[in-house]
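Trainee: Take a look at entry-v5.txt, compact mmCIF, C-alpha atoms:
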```
# COMPACT_ATOMS: atom_id res chain seq x y z
CA MET F 297 -26.73 4.64 -10.34
CA GLU F 298 -23.07 4.05 -11.10
CA THR F 299 -21.37 1.30 -9.15
CA ALA F 300 -18.47 2.51 -6.99
CA VAL F 301 -15.04 1.22 -7.91
CA LYS F 302 -13.58 -1.24 -5.43
CA VAL F 303 -10.24 -0.41 -3.85
CA THR F 304 -8.20 -2.63 -1.55
CA VAL F 305 -5.36 -1.19 0.54
CA ILE F 306 -3.00 -3.89 1.82
CA TYR F 307 0.01 -3.14 3.97
CA TYR F 308 2.57 -4.31 6.49
CA SER F 309 3.71 -1.97 9.24
CA ALA F 310 5.90 -2.65 12.26
CA THR F 311 5.97 0.66 14.11
CA GLY F 312 2.97 2.38 12.53
CA HIS F 313 4.27 4.72 9.82
CA VAL F 314 3.10 2.59 6.90
CA ALA F 315 -0.16 1.95 8.76
CA ASP F 316 -0.75 5.71 8.98
CA ILE F 317 -0.19 6.11 5.23
CA ALA F 318 -2.50 3.17 4.54
CA ARG F 319 -5.29 4.78 6.57
CA GLU F 320 -4.82 8.09 4.77
CA ILE F 321 -5.02 6.37 1.40
CA ALA F 322 -8.07 4.33 2.41
CA ASP F 323 -9.89 7.36 3.82
CA THR F 324 -9.12 9.44 0.72
CA ALA F 325 -10.25 6.70 -1.65
CA GLU F 326 -13.51 6.39 0.28
CA LYS F 327 -14.08 10.15 0.15
CA ALA F 328 -13.44 9.98 -3.60
CA GLY F 329 -16.38 7.59 -3.93
CA ALA F 330 -14.71 4.18 -3.83
CA GLU F 331 -15.76 1.14 -1.85
CA VAL F 332 -12.67 0.40 0.23
CA ARG F 333 -11.16 -2.54 2.07
CA LEU F 334 -8.24 -1.79 4.42
CA ARG F 335 -6.23 -4.90 5.22
CA ARG F 336 -2.99 -5.71 7.04
CA VAL F 337 -0.84 -8.77 6.46
CA ALA F 338 0.08 -11.16 9.23
CA GLU F 339 3.05 -10.52 11.50
CA LEU F 340 5.86 -13.06 11.14
CA ALA F 341 8.24 -11.78 13.81
CA PRO F 342 8.32 -13.74 17.08
CA ARG F 343 6.11 -12.32 19.81
CA GLU F 344 9.06 -11.68 22.09
CA VAL F 345 10.75 -9.58 19.39
CA VAL F 346 7.62 -7.48 18.90
CA GLU F 347 7.16 -7.02 22.64
CA SER F 348 10.77 -5.94 23.07
CA GLN F 349 10.10 -2.72 21.11
CA PRO F 350 7.44 -0.35 22.50
CA ALA F 351 6.55 1.24 19.15
CA TRP F 352 6.06 -2.18 17.58
CA THR F 353 3.88 -3.32 20.47
CA THR F 354 1.82 -0.11 20.37
CA ASN F 355 1.17 -0.41 16.65
CA ALA F 356 0.22 -4.08 16.93
CA ALA F 357 -2.40 -3.20 19.54
CA ALA F 358 -3.67 -0.17 17.62
CA THR F 359 -4.21 -2.12 14.42
CA ALA F 360 -5.45 -5.41 15.84
CA ASP F 361 -9.00 -4.69 14.65
CA ILE F 362 -7.96 -4.32 11.00
CA PRO F 363 -8.75 -7.57 9.16
CA LEU F 364 -5.95 -9.70 7.79
CA ALA F 365 -5.50 -9.62 4.02
CA ALA F 366 -6.75 -12.53 1.97
CA VAL F 367 -6.34 -13.42 -1.69
CA GLU F 368 -10.04 -12.65 -2.19
CA ASP F 369 -9.41 -9.01 -1.23
CA ILE F 370 -7.32 -8.57 -4.37
CA VAL F 371 -9.61 -10.64 -6.60
CA TRP F 372 -12.54 -8.44 -5.46
CA ALA F 373 -10.83 -5.14 -6.19
CA ASP F 374 -10.62 -2.94 -9.26
CA ALA F 375 -7.53 -1.25 -7.79
CA VAL F 376 -5.01 -2.36 -5.20
CA LEU F 377 -2.54 -0.22 -3.25
CA MET F 378 0.17 -2.04 -1.32
CA GLY F 379 2.50 -0.64 1.32
CA SER F 380 5.63 -1.89 3.03
CA PRO F 381 8.50 -0.47 5.04
CA THR F 382 11.83 -0.96 3.33
CA ARG F 383 14.04 -3.85 4.37
CA PHE F 384 17.52 -3.36 2.94
CA GLY F 385 15.97 -1.63 -0.06
CA ASN F 386 13.35 -4.30 -0.56
CA VAL F 387 9.85 -5.31 0.49
CA ALA F 388 9.39 -6.54 4.08
CA ALA F 389 9.16 -10.32 4.49
CA GLN F 390 5.64 -10.05 5.90
CA LEU F 391 4.22 -8.49 2.73
CA LYS F 392 6.39 -10.70 0.53
CA GLN F 393 4.97 -13.77 2.25
CA PHE F 394 1.47 -12.59 1.40
CA LEU F 395 2.49 -11.96 -2.22
CA ASP F 396 3.78 -15.53 -2.34
CA THR F 397 0.28 -16.84 -1.57
CA LEU F 398 -1.14 -15.35 -4.75
CA GLY F 399 0.12 -18.01 -7.17
CA GLY F 400 -3.23 -19.73 -7.64
CA ALA F 401 -5.10 -16.50 -8.32
CA TRP F 402 -2.33 -15.43 -10.71
CA GLN F 403 -2.57 -18.74 -12.63
CA ARG F 404 -6.32 -18.24 -12.97
CA GLY F 405 -5.79 -14.72 -14.34
CA GLU F 406 -7.58 -13.17 -11.37
CA LEU F 407 -4.87 -10.60 -10.66
CA ALA F 408 -4.66 -9.19 -14.18
CA ASP F 409 -6.18 -6.00 -15.60
CA LYS F 410 -6.40 -4.23 -12.25
CA ILE F 411 -4.73 -0.99 -11.23
CA TYR F 412 -1.86 -1.32 -8.76
CA SER F 413 0.15 1.28 -6.84
CA GLY F 414 2.58 1.25 -3.91
CA PHE F 415 3.70 3.20 -0.83
CA THR F 416 6.50 2.88 1.70
CA SER F 417 8.38 4.31 4.67
CA THR F 418 12.11 4.30 5.38
CA GLY F 419 14.38 5.32 8.20
CA SER F 420 16.17 7.99 6.18
CA PRO F 421 15.45 10.11 3.06
CA HIS F 422 17.51 7.79 0.82
CA GLY F 423 17.04 4.61 2.79
CA GLY F 424 15.66 2.52 -0.05
CA ASN F 425 12.22 4.02 -0.60
CA GLU F 426 12.45 4.11 -4.39
CA SER F 427 13.95 0.61 -4.68
CA THR F 428 11.22 -0.77 -2.41
CA LEU F 429 8.48 0.76 -4.55
CA LEU F 430 10.13 -0.52 -7.73
CA ALA F 431 10.41 -3.99 -6.17
CA LEU F 432 6.67 -3.95 -5.50
CA MET F 433 6.10 -3.01 -9.13
CA HIS F 434 7.93 -6.15 -10.26
CA SER F 435 5.10 -8.21 -8.78
CA PHE F 436 2.46 -5.92 -10.26
CA HIS F 437 3.94 -6.42 -13.73
CA HIS F 438 3.95 -10.20 -13.27
CA PHE F 439 0.27 -10.02 -12.31
CA GLY F 440 -0.54 -8.34 -15.62
CA GLY F 441 -1.56 -5.29 -13.64
CA ILE F 442 -1.72 -1.67 -14.73
CA VAL F 443 0.78 0.24 -12.63
CA VAL F 444 -0.37 3.73 -11.70
CA ALA F 445 2.37 5.78 -10.11
CA PRO F 446 1.51 9.26 -8.85
CA GLY F 447 4.40 10.78 -10.79
CA PHE F 448 5.04 14.50 -10.52
CA THR F 449 1.45 15.27 -11.43
CA HIS F 450 0.64 17.63 -8.54
CA PRO F 451 2.53 20.25 -6.51
CA ASP F 452 2.26 18.04 -3.43
CA LYS F 453 4.30 15.39 -5.21
CA PHE F 454 7.15 17.79 -5.76
CA ALA F 455 7.17 18.36 -1.99
CA ASP F 456 7.14 14.60 -1.35
CA GLY F 457 9.79 14.10 -4.04
CA ASN F 458 8.96 10.55 -5.07
CA PRO F 459 7.25 9.87 -8.42
CA TYR F 460 6.95 6.12 -7.82
CA GLY F 461 4.56 6.27 -4.88
CA THR F 462 4.11 7.82 -1.47
CA ALA F 463 7.30 7.60 0.60
CA HIS F 464 7.85 8.74 4.17
CA HIS F 465 11.15 8.84 6.04
CA ASP F 466 10.80 8.52 9.78
CA GLY F 467 14.22 9.64 10.95
CA GLY F 468 14.93 6.31 12.58
CA GLY F 469 11.51 6.19 14.18
CA THR F 470 11.48 9.77 15.45
CA VAL F 471 9.48 11.54 12.72
CA PRO F 472 5.71 10.86 12.53
CA VAL F 473 3.79 10.89 9.28
CA GLY F 474 3.12 14.57 8.62
CA ASP F 475 1.41 16.82 6.11
CA ILE F 476 3.91 16.31 3.28
CA THR F 477 3.41 12.55 3.31
CA ARG F 478 -0.34 12.75 3.91
CA ASN F 479 -0.81 15.19 1.04
CA ALA F 480 1.19 12.93 -1.25
CA ALA F 481 -0.90 9.93 -0.16
CA ARG F 482 -4.08 11.83 -1.00
CA VAL F 483 -2.78 12.68 -4.46
CA GLN F 484 -1.94 9.03 -5.06
CA ALA F 485 -5.26 7.71 -3.79
CA GLU F 486 -7.31 10.20 -5.79
CA ARG F 487 -5.35 9.41 -8.95
CA VAL F 488 -5.83 5.67 -8.47
CA VAL F 489 -9.58 6.05 -7.92
CA ARG F 490 -9.98 8.39 -10.89
CA LEU F 491 -8.13 6.08 -13.28
CA ALA F 492 -9.85 2.99 -11.87
CA GLU F 493 -13.19 4.64 -12.59
CA ALA F 494 -12.10 5.41 -16.15
CA LEU F 495 -10.84 1.88 -16.71
CA THR F 496 -13.96 0.30 -15.26
CA ALA F 497 -16.19 2.50 -17.39
CA ALA F 498 -14.20 1.70 -20.53
CA THR F 499 -14.34 -2.06 -20.00
CA SER F 500 -17.89 -2.45 -18.69
```
Show the structure stored in the file as structure tokens.
Mentor:
Amino acid sequence: METAVKVTVIYYSATGHVADIAREIADTAEKAGAEVRLRRVAELAPREVVESQPAWTTNAAATADIPLAAVEDIVWADAVLMGSPTRFGNVAAQLKQFLDTLGGAWQRGELADKIYSGFTSTGSPHGGNESTLLALMHSFHHFGGIVVAPGFTHPDKFADGNPYGTAHHDGGGTVPVGDITRNAARVQAERVVRLAEALTAATS
């Protein structure tokens, strides 16, 4: 029996949009035959700030049962997908803080030769989604990872319009993750699993 490829999905989400994409990616990867770990990174914002915004509070409660990400979750995986909302065109501090804990694993070469891919959500269609995904890729390149972007490889990606990864725009918090984003997330997850299987088979 073939061993399933191992996929870790790590994300930060304040109001739930990135969390929804992360679940879609994790579910799709599992349906594609992968062994999947879904992980969130720790919240850094003060409790009173979180509690001052209903959507933030609701998402925190809804995702409290998802385990926190650890370095071992990346070391374990054959493929890693990371998601973050955009913060001024860049990765959110919460995910960046987690990335900054990976120095030891990087020095030991434990992050190299894995497949990596990214996803994001922004407040507007051109609110920094592409720059956030490209910023994530900077870290993936430093890891010695193999970056797998979805590209325009499927009709659903033309609808989504972002070749770098899955990107949702929430209209300032008013637009939930819908079919266009979910379909794009499925394309990305299936592509990552397929190429992770090919890479694992070629190097085993």
Trainee: Given the choices F:Ala463, F:Ile306, F:Val488, F:Val473, which gets closest to F:Ala445 if the distance is worked out from only C-alpha atoms?
Mentor: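 Of F:Ala463, F:Ile306, F:Val488, F:Val473, the one nearest F:Ala445 is F:Val488, counting only C-alpha atoms.
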Trainee: If you count all atoms listed in the file, which residues fall within 7 Å of stretch 428-443 of chain F, apart from same-chain ones fewer than 5 positions away, as a list of chain:residue names?
Mentor: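 With the cut-off at 7 Å, the set is F:Thr382, F:Gly385, F:Asn386, F:Val387, F:Trp402, F:Leu407, F:Ala408, F:Asp409, F:Lys410, F:Ile411, F:Tyr412, F:Ser413, F:Gly414, F:Phe415, F:Thr416, F:Tyr460, F:Gly461.
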Trainee: Just to be explicit: take each residue in the selection above, keep C-alpha atoms, and write the result as a short mmCIF file (atom, residue, chain, number, x, y, z; two decimals), in the frame of the given file.
Mentor:
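Listed below is the output, out_12.cif:
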```cif
data_model
loop_
_atom_site.label_atom_id
_atom_site.label_comp_id
_atom_site.auth_asym_id
_atom_site.auth_seq_id
_atom_site.Cartn_x
_atom_site.Cartn_y
_atom_site.Cartn_z
CA THR F 382 11.83 -0.96 3.33
CA GLY F 385 15.97 -1.63 -0.06
CA ASN F 386 13.35 -4.30 -0.56
CA VAL F 387 9.85 -5.31 0.49
CA TRP F 402 -2.33 -15.43 -10.71
CA LEU F 407 -4.87 -10.60 -10.66
CA ALA F 408 -4.66 -9.19 -14.18
CA ASP F 409 -6.18 -6.00 -15.60
CA LYS F 410 -6.40 -4.23 -12.25
CA ILE F 411 -4.73 -0.99 -11.23
CA TYR F 412 -1.86 -1.32 -8.76
CA SER F 413 0.15 1.28 -6.84
CA GLY F 414 2.58 1.25 -3.91
CA PHE F 415 3.70 3.20 -0.83
CA THR F 416 6.50 2.88 1.70
CA TYR F 460 6.95 6.12 -7.82
CA GLY F 461 4.56 6.27 -4.88
#
```
Trainee: Determine the nearest neighbour of F:Thr418 from the options F:Ala310, F:Val301, F:Leu395, F:Ala498, counting only C-alpha atoms.
Mentor: F:Ala310
Trainee: Just want the 12 Å neighbourhood of F:Gly469, counted on only C-alpha atoms, with same-chain residues fewer than 2 positions away dropped. Output as a PDB file with C-alpha atoms, in the coordinates of the input.
Mentor:
```pdb
ATOM      1  CA  ALA F 310       5.900  -2.650  12.260  1.00  0.00           C
ATOM      2  CA  THR F 311       5.970   0.660  14.110  1.00  0.00           C
ATOM      3  CA  GLY F 312       2.970   2.380  12.530  1.00  0.00           C
ATOM      4  CA  HIS F 313       4.270   4.720   9.820  1.00  0.00           C
ATOM      5  CA  VAL F 314       3.100   2.590   6.900  1.00  0.00           C
ATOM      6  CA  GLN F 349      10.100  -2.720  21.110  1.00  0.00           C
ATOM      7  CA  PRO F 350       7.440  -0.350  22.500  1.00  0.00           C
ATOM      8  CA  ALA F 351       6.550   1.240  19.150  1.00  0.00           C
ATOM      9  CA  TRP F 352       6.060  -2.180  17.580  1.00  0.00           C
ATOM     10  CA  PRO F 381       8.500  -0.470   5.040  1.00  0.00           C
ATOM     11  CA  SER F 417       8.380   4.310   4.670  1.00  0.00           C
ATOM     12  CA  THR F 418      12.110   4.300   5.380  1.00  0.00           C
ATOM     13  CA  GLY F 419      14.380   5.320   8.200  1.00  0.00           C
ATOM     14  CA  SER F 420      16.170   7.990   6.180  1.00  0.00           C
ATOM     15  CA  HIS F 464       7.850   8.740   4.170  1.00  0.00           C
ATOM     16  CA  HIS F 465      11.150   8.840   6.040  1.00  0.00           C
ATOM     17  CA  ASP F 466      10.800   8.520   9.780  1.00  0.00           C
ATOM     18  CA  GLY F 467      14.220   9.640  10.950  1.00  0.00           C
ATOM     19  CA  VAL F 471       9.480  11.540  12.720  1.00  0.00           C
ATOM     20  CA  PRO F 472       5.710  10.860  12.530  1.00  0.00           C
ATOM     21  CA  VAL F 473       3.790  10.890   9.280  1.00  0.00           C
TER      22      VAL F 473
END
```
Trainee: Measuring atom to atom with only C-alpha atoms, identify which of F:Tyr308, F:Ser380, F:Val371, F:Leu334 is nearest to F:Ala356.
Mentor: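 Going through F:Tyr308, F:Ser380, F:Val371, F:Leu334 one by one, the smallest distance to F:Ala356 is for F:Tyr308.
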Trainee: So, with all atoms listed in the file as the atoms that count, which of F:Arg336, F:Ala322, F:Tyr307, F:Glu331 lies closest to F:Asp361?
Mentor: F:Arg336
Trainee: Quick one: everything within 10 Å of F:Thr324, counting all atoms listed in the file, minus sequence neighbours fewer than 5 positions away in the same chain. Send it as a ChimeraX atom specification.
Mentor: /F:318-319,329-330,332,478,481-486,489
Trainee: Which residue gives the smallest distance to F:Asp475 among F:Arg383, F:Arg490, F:Lys453, F:Arg335, with all atoms listed in the file counted?
Mentor: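 Looking at the shortest contact to F:Asp475, the residue is F:Lys453.
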Trainee: For F:Ile370, please output as a list in words all residues within 8 Å (counting only C-alpha atoms; exclusion window: fewer than 4 positions along the same chain).
Mentor: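 Here the qualifying residues turn out to be Thr304, Ala366, Val376 and Leu407 of chain F.
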Trainee: Expressed in Å to a single decimal, how great is the separation between atom CA of F:Ser309 and atom CA of F:Ala328?
Mentor: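 Straight-line distance from atom CA of F:Ser309 to atom CA of F:Ala328 works out to 24.5 Å.
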Trainee: In Å, with one decimal, what is the gap from atom CA of F:Phe394 to atom CA of F:Ala365?
Mentor: 8.0 Å
Trainee: What is the distance, in Å and to one decimal place, between atom CA of F:Ala315 and atom CA of F:Gly457?
Mentor: 20.3 Å
Trainee: Could you tell me which of F:Asp452, F:Pro446, F:Ala338, F:Ala300 comes closest to F:Gln390 if we count only C-alpha atoms?
Mentor: F:Ala338
